[in-house]
Structure formats: C-alpha cells, structure tokens
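Engineer: Got model06.cif for you, mmCIF, C-alpha atoms:
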```cif
data_target
loop_
_atom_site.label_atom_id
_atom_site.label_comp_id
_atom_site.auth_asym_id
_atom_site.auth_seq_id
_atom_site.Cartn_x
_atom_site.Cartn_y
_atom_site.Cartn_z
CA MET T 20 0.00 0.00 0.00
CA ILE T 21 1.40 3.38 -1.01
CA ILE T 22 0.56 6.30 1.24
CA CYS T 23 0.80 9.63 -0.52
CA HIS T 24 1.64 12.69 1.48
CA TYR T 25 -0.36 15.14 -0.59
CA ALA T 26 -1.18 17.59 2.17
CA LEU T 27 2.47 18.16 2.83
CA GLN T 28 3.39 18.12 -0.84
CA LYS T 29 0.94 20.96 -1.32
CA LEU T 30 2.69 22.97 1.40
CA LEU T 31 6.00 22.38 -0.34
CA MET T 32 4.74 23.36 -3.78
CA PRO T 33 6.04 26.38 -5.65
CA PRO T 34 6.64 29.27 -5.08
CA TYR T 35 8.59 27.33 -2.39
CA PRO T 36 11.00 25.33 -4.54
CA MET T 37 10.26 21.63 -4.81
CA ALA T 38 13.25 19.33 -4.44
CA LEU T 39 14.03 17.45 -7.62
CA ALA T 40 13.03 13.85 -6.89
CA PRO T 41 15.86 11.29 -7.03
CA TRP T 42 14.07 9.31 -9.80
CA ARG T 43 14.21 12.34 -12.09
CA SER T 44 17.82 11.73 -13.17
CA SER T 45 17.01 8.11 -14.16
CA LEU T 46 13.99 9.27 -16.15
CA ALA T 47 16.00 12.04 -17.82
CA ARG T 48 18.64 9.48 -18.80
CA ALA T 49 15.96 7.16 -20.26
CA LEU T 50 14.48 10.02 -22.29
CA HIS T 51 17.92 10.91 -23.58
CA ARG T 52 18.86 7.32 -24.47
CA ASN T 53 15.60 6.81 -26.38
CA ARG T 54 15.41 10.28 -27.95
CA SER T 55 15.73 8.96 -31.52
CA GLN T 56 12.26 7.37 -31.25
CA PRO T 57 9.37 9.86 -31.08
CA HIS T 58 7.16 7.24 -29.38
CA SER T 59 9.55 7.10 -26.43
CA ARG T 60 7.49 10.03 -25.13
CA TYR T 61 4.32 7.90 -25.19
CA LEU T 62 3.24 6.36 -21.90
CA GLN T 63 0.17 4.43 -20.76
CA LEU T 64 -2.02 6.17 -18.21
CA ALA T 65 -4.32 4.07 -16.03
CA THR T 66 -7.23 5.54 -14.09
CA THR T 67 -10.24 4.00 -12.35
CA ARG T 68 -13.75 4.14 -13.85
CA PRO T 69 -16.70 5.00 -11.58
CA ASP T 70 -17.62 1.26 -11.46
CA GLY T 71 -14.16 0.42 -10.03
CA SER T 72 -12.74 -1.12 -13.20
CA PRO T 73 -9.49 0.24 -14.64
CA ALA T 74 -9.12 2.31 -17.81
CA ASN T 75 -5.84 2.56 -19.71
CA ARG T 76 -4.75 4.60 -22.72
CA THR T 77 -1.65 5.96 -24.43
CA VAL T 78 -0.84 9.61 -23.74
CA VAL T 79 2.07 11.88 -24.68
CA PHE T 80 4.53 13.29 -22.14
CA ARG T 81 4.72 17.06 -22.69
CA GLY T 82 7.46 17.79 -20.17
CA PHE T 83 7.52 18.76 -16.50
CA LEU T 84 5.53 21.72 -15.26
CA ALA T 85 8.65 23.73 -14.44
CA GLU T 86 12.31 23.38 -13.68
CA GLY T 87 12.53 21.61 -10.34
CA ASP T 88 8.85 20.60 -10.38
CA ASN T 89 8.02 16.88 -10.44
CA ARG T 90 4.57 17.23 -12.05
CA LEU T 91 4.30 15.65 -15.52
CA ILE T 92 2.22 17.44 -18.16
CA ILE T 93 -0.22 15.46 -20.34
CA THR T 94 -2.77 17.06 -22.65
CA ALA T 95 -6.41 15.96 -22.80
CA ASP T 96 -9.68 16.80 -24.50
CA ALA T 97 -12.33 17.78 -21.93
CA ARG T 98 -14.88 15.73 -23.92
CA THR T 99 -13.10 12.38 -23.32
CA GLN T 100 -14.12 9.84 -20.68
CA LYS T 101 -10.93 10.16 -18.68
CA ILE T 102 -11.93 13.63 -17.48
CA ALA T 103 -15.05 12.34 -15.70
CA GLN T 104 -13.03 9.42 -14.32
CA ILE T 105 -10.40 11.75 -12.87
CA GLN T 106 -12.99 14.05 -11.35
CA ALA T 107 -14.50 11.05 -9.49
CA ASN T 108 -11.13 9.50 -8.59
CA PRO T 109 -7.84 11.35 -9.26
CA ALA T 110 -5.66 8.28 -8.55
CA ALA T 111 -3.53 7.23 -11.53
CA GLU T 112 -0.62 5.04 -12.49
CA ALA T 113 1.44 5.68 -15.58
CA CYS T 114 3.46 2.86 -17.10
CA TRP T 115 6.27 4.05 -19.33
CA TYR T 116 8.30 1.53 -21.26
CA PHE T 117 11.43 2.60 -23.15
CA PRO T 118 12.11 0.03 -25.90
CA GLN T 119 15.64 1.07 -26.84
CA SER T 120 17.09 1.00 -23.31
CA ARG T 121 14.65 -1.72 -22.18
CA GLU T 122 13.51 -0.07 -18.97
CA GLN T 123 10.14 0.63 -17.37
CA PHE T 124 8.97 3.39 -15.04
CA ARG T 125 5.74 3.02 -13.09
CA LEU T 126 4.63 6.40 -11.77
CA THR T 127 1.93 6.20 -9.11
CA GLY T 128 0.19 9.38 -8.07
CA GLN T 129 -2.71 11.73 -8.52
CA LEU T 130 -3.95 13.73 -11.46
CA ALA T 131 -5.08 17.34 -11.38
CA MET T 132 -6.88 18.96 -14.28
CA VAL T 133 -6.10 22.43 -15.61
CA ASP T 134 -8.98 23.58 -17.80
CA ALA T 135 -10.27 26.88 -19.16
CA GLN T 136 -11.75 27.74 -15.72
CA GLU T 137 -8.46 27.26 -13.82
CA PRO T 138 -8.00 30.33 -11.58
CA ASP T 139 -4.25 29.83 -10.86
CA SER T 140 -2.42 32.13 -13.28
CA THR T 141 0.76 30.01 -13.32
CA LEU T 142 -1.19 26.90 -14.27
CA GLN T 143 -3.24 28.82 -16.84
CA ALA T 144 0.02 30.10 -18.36
CA ALA T 145 1.29 26.52 -18.56
CA ARG T 146 -1.94 25.53 -20.32
CA GLN T 147 -1.40 28.31 -22.84
CA SER T 148 2.28 27.60 -23.50
CA THR T 149 1.61 23.86 -23.90
CA TRP T 150 -1.09 24.68 -26.47
CA GLN T 151 1.32 26.95 -28.31
CA GLY T 152 3.93 24.19 -28.36
CA LEU T 153 1.64 21.72 -30.16
CA SER T 154 1.69 21.20 -33.92
CA ASP T 155 -1.18 22.62 -36.02
CA LYS T 156 -2.32 19.05 -36.60
CA ALA T 157 -2.42 18.25 -32.89
CA ARG T 158 -4.33 21.47 -32.14
CA GLN T 159 -6.81 20.72 -34.93
CA GLN T 160 -7.86 17.44 -33.27
CA PHE T 161 -9.41 19.37 -30.40
CA THR T 162 -11.92 20.85 -32.86
CA TRP T 163 -12.93 17.50 -34.38
CA PRO T 164 -16.40 16.05 -33.73
CA HIS T 165 -17.05 14.57 -30.27
CA PRO T 166 -14.53 11.73 -29.58
CA GLY T 167 -16.04 8.23 -29.25
CA GLU T 168 -19.40 9.07 -30.81
CA ILE T 169 -20.67 7.49 -34.04
CA ARG T 170 -18.37 8.56 -36.84
CA GLU T 171 -19.50 11.74 -38.52
CA PRO T 172 -18.98 11.92 -42.27
CA SER T 173 -17.67 15.45 -42.13
CA GLY T 174 -16.39 17.93 -39.57
CA PHE T 175 -12.76 16.88 -39.71
CA ALA T 176 -11.58 19.17 -42.48
CA VAL T 177 -11.69 22.26 -40.29
CA PRO T 178 -8.96 24.91 -40.33
CA ALA T 179 -6.45 24.61 -37.48
CA PRO T 180 -7.48 26.80 -34.54
CA SER T 181 -5.39 29.80 -33.57
CA ALA T 182 -2.10 28.93 -31.89
CA ALA T 183 -2.42 31.99 -29.66
CA ALA T 184 -5.11 30.82 -27.23
CA PRO T 185 -6.32 27.30 -26.41
CA VAL T 186 -9.82 26.16 -27.34
CA PRO T 187 -12.10 25.62 -24.30
CA GLN T 188 -11.93 21.79 -24.50
CA PHE T 189 -8.12 21.81 -24.23
CA CYS T 190 -6.98 20.68 -20.77
CA LEU T 191 -3.77 19.79 -19.06
CA LEU T 192 -3.54 16.82 -16.77
CA LEU T 193 -0.79 17.14 -14.18
CA LEU T 194 0.47 13.90 -12.68
CA THR T 195 2.12 14.29 -9.27
CA PRO T 196 3.98 11.03 -8.60
CA CYS T 197 4.14 9.81 -5.00
CA ALA T 198 5.83 6.51 -5.85
CA VAL T 199 8.08 5.47 -8.73
CA ASP T 200 9.22 1.95 -9.63
CA HIS T 201 12.11 1.77 -12.08
CA LEU T 202 12.92 -1.61 -13.64
CA GLU T 203 15.86 -2.12 -15.99
CA LEU T 204 15.58 -5.32 -18.01
CA ARG T 205 19.19 -5.09 -19.18
CA GLY T 206 21.65 -6.67 -16.79
CA ASP T 207 21.66 -10.15 -15.32
CA PRO T 208 20.02 -10.07 -12.88
CA GLN T 209 17.85 -7.08 -13.77
CA THR T 210 17.88 -4.04 -11.49
CA ARG T 211 14.86 -2.44 -9.85
CA HIS T 212 14.64 0.68 -7.71
CA THR T 213 11.64 2.10 -5.87
CA TYR T 214 11.14 5.67 -4.67
CA ILE T 215 8.35 6.59 -2.25
CA SER T 216 7.59 10.15 -1.21
CA GLN T 217 7.90 10.82 2.52
CA ALA T 218 6.07 13.10 4.95
CA ASP T 219 9.15 15.37 5.18
CA GLY T 220 9.05 16.02 1.40
CA GLY T 221 11.96 13.65 0.71
CA TRP T 222 11.94 10.27 -1.00
CA GLN T 223 12.70 6.83 0.36
CA HIS T 224 14.89 5.03 -2.17
CA ARG T 225 15.15 1.23 -2.16
CA ASN T 226 17.05 -1.26 -4.25
CA VAL T 227 14.62 -4.19 -4.56
CA ASN T 228 14.48 -7.61 -6.18
CA PRO T 229 13.27 -7.45 -9.80
CA MET R 27 -20.25 2.04 -19.25
CA ILE R 28 -19.36 -1.36 -20.70
CA ILE R 29 -21.57 -4.28 -19.75
CA CYS R 30 -19.83 -7.62 -20.09
CA HIS R 31 -21.89 -10.67 -20.82
CA TYR R 32 -19.73 -13.11 -18.90
CA ALA R 33 -22.44 -15.56 -17.91
CA LEU R 34 -23.30 -16.14 -21.52
CA GLN R 35 -19.68 -16.08 -22.64
CA LYS R 36 -19.06 -18.90 -20.20
CA LEU R 37 -21.85 -20.92 -21.79
CA LEU R 38 -20.30 -20.32 -25.19
CA MET R 39 -16.82 -21.31 -24.12
CA PRO R 40 -15.03 -24.33 -25.54
CA PRO R 41 -15.63 -27.24 -26.06
CA TYR R 42 -18.40 -25.32 -27.87
CA PRO R 43 -16.39 -23.32 -30.42
CA MET R 44 -16.07 -19.61 -29.72
CA ALA R 45 -16.60 -17.34 -32.71
CA LEU R 46 -13.47 -15.46 -33.67
CA ALA R 47 -14.13 -11.87 -32.65
CA PRO R 48 -14.14 -9.30 -35.48
CA TRP R 49 -11.29 -7.32 -33.84
CA ARG R 50 -9.01 -10.36 -34.12
CA SER R 51 -8.11 -9.75 -37.76
CA SER R 52 -7.08 -6.14 -37.01
CA LEU R 53 -4.93 -7.30 -34.09
CA ALA R 54 -3.37 -10.07 -36.21
CA ARG R 55 -2.53 -7.51 -38.89
CA ALA R 56 -0.93 -5.19 -36.30
CA LEU R 57 1.17 -8.04 -34.90
CA HIS R 58 2.29 -8.92 -38.42
CA ARG R 59 3.12 -5.35 -39.40
CA ASN R 60 5.18 -4.82 -36.25
CA ARG R 61 6.77 -8.28 -36.12
CA SER R 62 10.33 -6.98 -36.66
CA GLN R 63 10.24 -5.39 -33.17
CA PRO R 64 10.22 -7.88 -30.29
CA HIS R 65 8.64 -5.26 -27.99
CA SER R 66 5.56 -5.11 -30.21
CA ARG R 67 4.37 -8.05 -28.07
CA TYR R 68 4.59 -5.91 -24.93
CA LEU R 69 1.37 -4.37 -23.66
CA GLN R 70 0.40 -2.43 -20.54
CA LEU R 71 -2.03 -4.17 -18.23
CA ALA R 72 -4.08 -2.06 -15.80
CA THR R 73 -5.86 -3.54 -12.78
CA THR R 74 -7.45 -1.99 -9.69
CA ARG R 75 -5.76 -2.14 -6.26
CA PRO R 76 -7.89 -2.99 -3.21
CA ASP R 77 -7.94 0.76 -2.28
CA GLY R 78 -9.55 1.59 -5.66
CA SER R 79 -6.46 3.12 -7.26
CA PRO R 80 -5.21 1.77 -10.58
CA ALA R 81 -2.05 -0.31 -11.10
CA ASN R 82 -0.31 -0.56 -14.48
CA ARG R 83 2.62 -2.61 -15.74
CA THR R 84 4.16 -3.97 -18.92
CA VAL R 85 3.42 -7.62 -19.68
CA VAL R 86 4.19 -9.89 -22.64
CA PHE R 87 1.53 -11.29 -24.97
CA ARG R 88 2.07 -15.07 -25.19
CA GLY R 89 -0.59 -15.81 -27.79
CA PHE R 90 -4.25 -16.77 -27.66
CA LEU R 91 -5.38 -19.74 -25.60
CA ALA R 92 -6.36 -21.75 -28.68
CA GLU R 93 -7.32 -21.38 -32.30
CA GLY R 94 -10.68 -19.63 -32.33
CA ASP R 95 -10.44 -18.62 -28.65
CA ASN R 96 -10.33 -14.90 -27.81
CA ARG R 97 -8.55 -15.24 -24.48
CA LEU R 98 -5.07 -13.66 -24.39
CA ILE R 99 -2.31 -15.44 -22.44
CA ILE R 100 -0.01 -13.46 -20.13
CA THR R 101 2.43 -15.06 -17.70
CA ALA R 102 2.77 -13.96 -14.07
CA ASP R 103 4.64 -14.80 -10.89
CA ALA R 104 2.22 -15.77 -8.11
CA ARG R 105 4.34 -13.73 -5.68
CA THR R 106 3.66 -10.38 -7.41
CA GLN R 107 1.08 -7.83 -6.26
CA LYS R 108 -1.11 -8.15 -9.36
CA ILE R 109 -2.24 -11.63 -8.27
CA ALA R 110 -3.85 -10.33 -5.07
CA GLN R 111 -5.34 -7.41 -7.02
CA ILE R 112 -6.93 -9.74 -9.56
CA GLN R 113 -8.32 -12.04 -6.88
CA ALA R 114 -10.08 -9.04 -5.29
CA ASN R 115 -11.16 -7.50 -8.62
CA PRO R 116 -10.67 -9.34 -11.94
CA ALA R 117 -11.49 -6.28 -14.08
CA ALA R 118 -8.63 -5.23 -16.35
CA GLU R 119 -7.82 -3.04 -19.30
CA ALA R 120 -4.83 -3.68 -21.53
CA CYS R 121 -3.43 -0.87 -23.64
CA TRP R 122 -1.35 -2.07 -26.57
CA TYR R 123 0.47 0.45 -28.70
CA PHE R 124 2.19 -0.63 -31.92
CA PRO R 125 4.89 1.96 -32.75
CA GLN R 126 5.65 0.90 -36.31
CA SER R 127 2.05 0.97 -37.58
CA ARG R 128 1.05 3.71 -35.10
CA GLU R 129 -2.10 2.05 -33.78
CA GLN R 130 -3.53 1.36 -30.32
CA PHE R 131 -5.78 -1.39 -29.04
CA ARG R 132 -7.56 -1.03 -25.70
CA LEU R 133 -8.82 -4.41 -24.52
CA THR R 134 -11.33 -4.20 -21.68
CA GLY R 135 -12.27 -7.38 -19.88
CA GLN R 136 -11.69 -9.74 -17.01
CA LEU R 137 -8.67 -11.73 -15.93
CA ALA R 138 -8.70 -15.33 -14.79
CA MET R 139 -5.69 -16.96 -13.14
CA VAL R 140 -4.43 -20.42 -14.00
CA ASP R 141 -2.08 -21.57 -11.24
CA ALA R 142 -0.67 -24.88 -10.02
CA GLN R 143 -4.02 -25.72 -8.37
CA GLU R 144 -6.07 -25.27 -11.55
CA PRO R 145 -8.36 -28.32 -11.88
CA ASP R 146 -9.25 -27.83 -15.58
CA SER R 147 -6.95 -30.13 -17.54
CA THR R 148 -7.07 -28.03 -20.73
CA LEU R 149 -6.02 -24.90 -18.83
CA GLN R 150 -3.36 -26.83 -16.92
CA ALA R 151 -2.00 -28.11 -20.24
CA ALA R 152 -1.87 -24.51 -21.53
CA ARG R 153 0.07 -23.54 -18.39
CA GLN R 154 2.57 -26.30 -19.06
CA SER R 155 3.01 -25.62 -22.78
CA THR R 156 3.44 -21.86 -22.14
CA TRP R 157 6.15 -22.68 -19.57
CA GLN R 158 7.87 -24.95 -22.08
CA GLY R 159 7.77 -22.19 -24.70
CA LEU R 160 9.69 -19.72 -22.50
CA SER R 161 13.44 -19.20 -22.74
CA ASP R 162 15.70 -20.62 -19.99
CA LYS R 163 16.33 -17.05 -18.88
CA ALA R 164 12.62 -16.27 -18.59
CA ARG R 165 11.99 -19.47 -16.63
CA GLN R 166 14.90 -18.71 -14.30
CA GLN R 167 13.30 -15.44 -13.18
CA PHE R 168 10.52 -17.37 -11.46
CA THR R 169 13.11 -18.85 -9.09
CA TRP R 170 14.68 -15.50 -8.17
CA PRO R 171 14.21 -14.03 -4.66
CA HIS R 172 10.79 -12.58 -3.84
CA PRO R 173 9.97 -9.73 -6.31
CA GLY R 174 9.72 -6.26 -4.80
CA GLU R 175 11.45 -7.08 -1.50
CA ILE R 176 14.75 -5.48 -0.45
CA ARG R 177 17.42 -6.57 -2.89
CA GLU R 178 19.16 -9.74 -1.82
CA PRO R 179 22.88 -9.90 -2.54
CA SER R 180 22.66 -13.46 -3.85
CA GLY R 181 20.02 -15.93 -4.98
CA PHE R 182 19.99 -14.86 -8.61
CA ALA R 183 22.70 -17.17 -9.95
CA VAL R 184 20.51 -20.26 -9.72
CA PRO R 185 20.39 -22.89 -12.44
CA ALA R 186 17.42 -22.60 -14.80
CA PRO R 187 14.54 -24.78 -13.60
CA SER R 188 13.47 -27.78 -15.65
CA ALA R 189 11.62 -26.94 -18.85
CA ALA R 190 9.41 -29.99 -18.42
CA ALA R 191 7.13 -28.82 -15.61
CA PRO R 192 6.38 -25.29 -14.35
CA VAL R 193 7.50 -24.16 -10.90
CA PRO R 194 4.57 -23.61 -8.47
CA GLN R 195 4.78 -19.80 -8.65
CA PHE R 196 4.30 -19.81 -12.43
CA CYS R 197 0.77 -18.69 -13.38
CA LEU R 198 -1.09 -17.78 -16.50
CA LEU R 199 -3.40 -14.81 -16.62
CA LEU R 200 -6.13 -15.14 -19.23
CA LEU R 201 -7.68 -11.90 -20.42
CA THR R 202 -11.19 -12.30 -21.88
CA PRO R 203 -11.96 -9.03 -23.70
CA CYS R 204 -15.56 -7.82 -23.68
CA ALA R 205 -14.79 -4.51 -25.42
CA VAL R 206 -12.04 -3.47 -27.80
CA ASP R 207 -11.19 0.04 -28.98
CA HIS R 208 -8.91 0.22 -32.03
CA LEU R 209 -7.38 3.60 -32.90
CA GLU R 210 -5.19 4.12 -35.96
CA LEU R 211 -3.15 7.32 -35.79
CA ARG R 212 -2.20 7.08 -39.46
CA GLY R 213 -4.70 8.65 -41.78
CA ASP R 214 -6.15 12.13 -41.74
CA PRO R 215 -8.51 12.06 -39.97
CA GLN R 216 -7.51 9.08 -37.84
CA THR R 217 -9.79 6.03 -37.74
CA ARG R 218 -11.27 4.44 -34.64
CA HIS R 219 -13.41 1.32 -34.31
CA THR R 220 -15.07 -0.10 -31.20
CA TYR R 221 -16.26 -3.67 -30.64
CA ILE R 222 -18.53 -4.57 -27.73
CA SER R 223 -19.53 -8.15 -26.92
CA GLN R 224 -23.27 -8.82 -27.02
CA ALA R 225 -25.61 -11.10 -25.08
CA ASP R 226 -25.97 -13.37 -28.12
CA GLY R 227 -22.21 -14.00 -28.23
CA GLY R 228 -21.67 -11.66 -31.16
CA TRP R 229 -19.96 -8.29 -31.25
CA GLN R 230 -21.36 -4.83 -31.92
CA HIS R 231 -18.94 -3.02 -34.26
CA ARG R 232 -18.96 0.76 -34.53
CA ASN R 233 -16.99 3.26 -36.55
CA VAL R 234 -16.53 6.18 -34.13
CA ASN R 235 -14.93 9.61 -34.08
CA PRO R 236 -11.23 9.45 -33.06
#
```
Could you write out this file's structure as structure tokens?

Structural biologist:
Amino acid sequence: MIICHYALQKLLMPPYPMALAPWRSSLARALHRNRSQPHSRYLQLATTRPDGSPANRTVVFRGFLAEGDNRLIITADARTQKIAQIQANPAAEACWYFPQSREQFRLTGQLAMVDAQEPDSTLQAARQSTWQGLSDKARQQFTWPHPGEIREPSGFAVPAPSAAAPVPQFCLLLLTPCAVDHLELRGDPQTRHTYISQADGGWQHRNVNP
Amino acid sequence: MIICHYALQKLLMPPYPMALAPWRSSLARALHRNRSQPHSRYLQLATTRPDGSPANRTVVFRGFLAEGDNRLIITADARTQKIAQIQANPAAEACWYFPQSREQFRLTGQLAMVDAQEPDSTLQAARQSTWQGLSDKARQQFTWPHPGEIREPSGFAVPAPSAAAPVPQFCLLLLTPCAVDHLELRGDPQTRHTYISQADGGWQHRNVNP
C-alpha cells in the first residue's frame, strides 16, 4: 500500500522550490537514451472508472511543469471519458516503457486537471504555453467532432485553430507522482529501484528484487 | 459504461467453439506489421488495487489460448502484487500500442488466473506448454528471490529450472476481452473502431470519431 503525502506536498509546492526527486535523473537518462524514437514520449495512463474497473490509454509526455517541479504534463480533450473518471477519482498510475534502453517506469500518483476555468495564473500560463507548443495538426484534433461518438462523415476538415489561445476543450492533466518503480531489463540479474515520497518532502529510495 | 456478458460467454466457451471476434483480424494484422520489433508483443495491463487506485505494468503477450479462442495469455509470478489485485477484482484493461504501424488497441475485460491448483486439464496443459515455450532465462526469473522485496545480494545465480514442468509460482493470466477500442493514428482524420460483446455471443462493431 502506497501512502501519498499530498497535504504536505501541497505545502512544499512552488513558489517554495520543490526538491528534484531522485528518480528524475534516471527518467532524464531514459528520455535521452531513447530520444531517436518519437514514441519514447508515449506512456500508458491508467485511471479508475466510476464502477471500479481500470481504464488505460496511451498519452504523450509534454514535459515537466517547471524546472525543479516533479509534475508531468499530459494534454487531454475535456470531452473524453478520462476527465469524468479523474474528477471522481484522481488516482492514476502511468506505465512508461522505453524500448531502446529496455527499462520501465511506473509512476503512481494523482492527477489534477487544468482547464479553461483554472484560476491559478501560473497553471493557466502553462496551459497556454503547452497549447502553443503543439503542432497545427495536434491542435486541430481538439476541434474534431465529439470523440467516441458514431463517426461523422464530415467535420474533420476544419482549419487549425489559432495557436495563440487554447480552445475551451483543451486541458492539461498534471500527474504528481508519489511513488516510482524503475525496472531495468538489461543486466543479469535485472535491477529495480523504488522511490516513495515521505512526509518530510523527501523520497525513500530502495534497491529491490526485480 | 461497458456491460460484459460473462455468464453467456461462459456458456459459449469451448468445447463449444467460440466465434473469432471481429477485432481479431485487425490485431493479427498489427502483430504482423510490427513483427520486426520484439517489444511489439509488450502491452500495458491495468488492474485496480484494493484501495480503488489503478495499477499498471508492462506484460508480454504469449498468444491466444487456442485457435478460435479470444482469451489472451499473459504469464505472471504468483508472488507479485497483481495476483492479489486480480483475486479481489478481476477487471482489467490492456493498452497495446504498436509503434511501427502507429495504432492502439484497448482491450477491456476480465482476468482469470491459471495456477498450479487449476483443476481444468485443458487450462493446466496450456500452463505447461506456455512454460515450455519460455526461454531458460525467462523461466529462471521465477526462481529469483521474492519480487519487490529489499534486494538480496545473492540468490539470482541459480540454475534454470526444468523446462518440463512449471514451478509452483508460475501462473497464466487469461484476459477475456468484452470490449475493444482500435485507434489508428495514421490517416487524416484518424480512424477508430469499437467492438462490444453482445448477449448473443456476437460483437457490436462501430466506426466512431477518433
């Protein structure tokens, strides 16, 4: 059982600088080693549906919220099912496999949504800059007909929306990890390290059996 | 909300032949198109922890249980946390991304465990033949020290166990999908098809907005 110290993490959040978690250097190394493959930034995000069953889909890592901030940025369309799931239960686990270096990160934590109504100006600025960093094609998808509904024959050939300001259905999901499990398949035996956030804001690091 | 017709699926199970689901040909094509990459057989399996939060990890697809059977085989170590999770809640969702063909399958369903105590002789035979099909190295991992516990300095350099009969901690997990969501990122606009199992044993197929 993983106990997340969210109350304290909130106290430690910026503007008070957040300590860079010890798993960050391993993740940065994995991203660097696998940088030649665009899909190395794809990870699988699991959430829980209201009926208690799990949901799981591929999402794109859009960077960390800020230098020294451990929150991962993912983009989402407010019309998709995961938004309602997260509002009912913000618990999430991302599974990120890097094929080239053959290593896996499991990031356990909670998701927070940053939508058009977000009052925090720093988070709203992050929403805007992430939107501006997307390709025209990626931005265009947010204006397509309602995801998951019966296929509409038209409505896809719309002009790309303005890069300046996000459309209302564009959201950020911020994943705050409270536990990270890093498994490296290379090596005999394999190596596995776990990191669990502590009440004092630090991380407990363990070398465990793979 | 996805309603799974398990009671009826059970009635339709072999020895009465199970109809090959319509999503099977798309999945077979994806496996073929991505066959040059060994990690195209890796998928991310989400389950729910007893506290209601999701868990997510990479597993290896070991084939379907039999010709004409829609149950996917995954191997597992009985000592890992997912076993207890599945016993409390068998609901699962696998997310399978194929990098080369840029397509994703989400397989929603239930997991059943086949362990050393399994009384069904057909399932026990599948457990044995899957064990025999593993590499020596893969089999050896089931004899390593307890997964997830503090790293032991020794206990990894054990001889590979016999290929003839599985060790007691070797289990199969069988995933019976009751809904499949197939998204192809190639194409403008992208294509997305959903398949939901019906009370009559058939599947409802829909072409939906990506």

Engineer: Sorted by chain and rising residue number, list the residues of chain R at most 7 Å from chain T (counting all atoms listed in the file), each with its closest atom pair and distance in Å to one decimal, as CSV.

Structural biologist:
```
residue,atom,partner,partner_atom,distance
R:His65,CA,T:Pro118,CA,6.7
R:Gln70,CA,T:Gln63,CA,6.9
R:Ala72,CA,T:Pro73,CA,6.0
R:Thr73,CA,T:Pro73,CA,5.6
R:Thr74,CA,T:Pro73,CA,5.8
R:Gly78,CA,T:Gly71,CA,6.5
R:Ser79,CA,T:Ala110,CA,5.4
R:Pro80,CA,T:Thr66,CA,5.5
R:Ala81,CA,T:Glu112,CA,5.7
R:Asn82,CA,T:Cys114,CA,5.7
R:Arg83,CA,T:Cys114,CA,5.7
R:Ala117,CA,T:Ser72,CA,5.4
R:Ala118,CA,T:Pro73,CA,5.8
R:Glu119,CA,T:Ala74,CA,5.7
R:Ala120,CA,T:Asn75,CA,6.6
R:Cys121,CA,T:Arg76,CA,5.7
R:Pro125,CA,T:His58,CA,6.7
R:Arg132,CA,T:Arg76,CA,7.0
R:Pro171,CA,T:Asn228,CA,6.6
R:His172,CA,T:Asn228,CA,6.6
R:Pro173,CA,T:Asn228,CA,5.0
R:Gly174,CA,T:Asn228,CA,5.1
R:Glu175,CA,T:Val227,CA,5.3
R:Ile176,CA,T:Val227,CA,4.3
R:Arg177,CA,T:Val227,CA,4.0
R:Glu178,CA,T:Asn228,CA,6.7
R:Phe182,CA,T:Pro208,CA,6.4
R:Pro215,CA,T:Phe175,CA,6.4
R:Arg232,CA,T:Ile169,CA,7.0
R:Asn233,CA,T:Arg170,CA,5.5
R:Val234,CA,T:Arg170,CA,4.0
R:Asn235,CA,T:Arg170,CA,4.5
R:Pro236,CA,T:Pro166,CA,5.3
```

Engineer: Could you check the closest approach to Ser51 of chain R for each of R:Arg67, R:His208, R:Arg153, R:Arg88 and tell me which residue wins, using all atoms listed in the file?

Structural biologist: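 The shortest atom-to-atom distance to Ser51 of chain R comes from R:His208.
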
Engineer: Would you compute the distance between atom CA of Ile109 of chain R and atom CA of Glu144 of chain R? Give it in Å to one decimal.

Structural biologist: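 Spanning atom CA of Ile109 of chain R to atom CA of Glu144 of chain R is a straight-line distance of 14.5 Å.
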
Engineer: Quick one: of R:Leu201, R:Leu160, R:Leu57, R:Met139, who's nearest to Asp95 of chain R, counting all atoms listed in the file?

Structural biologist: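 Answer, going by the shortest atom-to-atom distance: R:Leu201.
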
Engineer: Atom CA of Ser216 of chain T and atom CA of Ala85 of chain T are how many Å apart?

Structural biologist: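 Pair atom CA of Ser216 of chain T / atom CA of Ala85 of chain T returns 19.0 Å.
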
Engineer: Using all atoms listed in the file, collect all residues at a distance of at most 12 Å from (-0.3, 26.8, -19.6) as written in the file, then present them as JSON, numbers by chain.

Structural biologist: {"T": [81, 82, 83, 84, 85, 92, 93, 94, 132, 133, 134, 135, 137, 138, 139, 140, 141, 142, 143, 144, 145, 146, 147, 148, 149, 150, 151, 152, 153, 183, 184, 185, 189, 190, 191, 192, 193]}

Engineer: Produce a file of the selected residues containing C-alpha atoms, as a CSV table (one decimal), in the frame of the given file.

Structural biologist:
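selection_18.csv was written with the following content:
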```csv
chain,number,residue,atom,x,y,z
T,81,ARG,CA,4.7,17.1,-22.7
T,82,GLY,CA,7.5,17.8,-20.2
T,83,PHE,CA,7.5,18.8,-16.5
T,84,LEU,CA,5.5,21.7,-15.3
T,85,ALA,CA,8.6,23.7,-14.4
T,92,ILE,CA,2.2,17.4,-18.2
T,93,ILE,CA,-0.2,15.5,-20.3
T,94,THR,CA,-2.8,17.1,-22.6
T,132,MET,CA,-6.9,19.0,-14.3
T,133,VAL,CA,-6.1,22.4,-15.6
T,134,ASP,CA,-9.0,23.6,-17.8
T,135,ALA,CA,-10.3,26.9,-19.2
T,137,GLU,CA,-8.5,27.3,-13.8
T,138,PRO,CA,-8.0,30.3,-11.6
T,139,ASP,CA,-4.2,29.8,-10.9
T,140,SER,CA,-2.4,32.1,-13.3
T,141,THR,CA,0.8,30.0,-13.3
T,142,LEU,CA,-1.2,26.9,-14.3
T,143,GLN,CA,-3.2,28.8,-16.8
T,144,ALA,CA,0.0,30.1,-18.4
T,145,ALA,CA,1.3,26.5,-18.6
T,146,ARG,CA,-1.9,25.5,-20.3
T,147,GLN,CA,-1.4,28.3,-22.8
T,148,SER,CA,2.3,27.6,-23.5
T,149,THR,CA,1.6,23.9,-23.9
T,150,TRP,CA,-1.1,24.7,-26.5
T,151,GLN,CA,1.3,27.0,-28.3
T,152,GLY,CA,3.9,24.2,-28.4
T,153,LEU,CA,1.6,21.7,-30.2
T,183,ALA,CA,-2.4,32.0,-29.7
T,184,ALA,CA,-5.1,30.8,-27.2
T,185,PRO,CA,-6.3,27.3,-26.4
T,189,PHE,CA,-8.1,21.8,-24.2
T,190,CYS,CA,-7.0,20.7,-20.8
T,191,LEU,CA,-3.8,19.8,-19.1
T,192,LEU,CA,-3.5,16.8,-16.8
T,193,LEU,CA,-0.8,17.1,-14.2
```

Engineer: Please, what distance in Å, to one decimal, runs between atom CA of Val177 of chain T and atom CA of Gln159 of chain T?

Structural biologist: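 Spanning atom CA of Val177 of chain T to atom CA of Gln159 of chain T is a straight-line distance of 7.4 Å.
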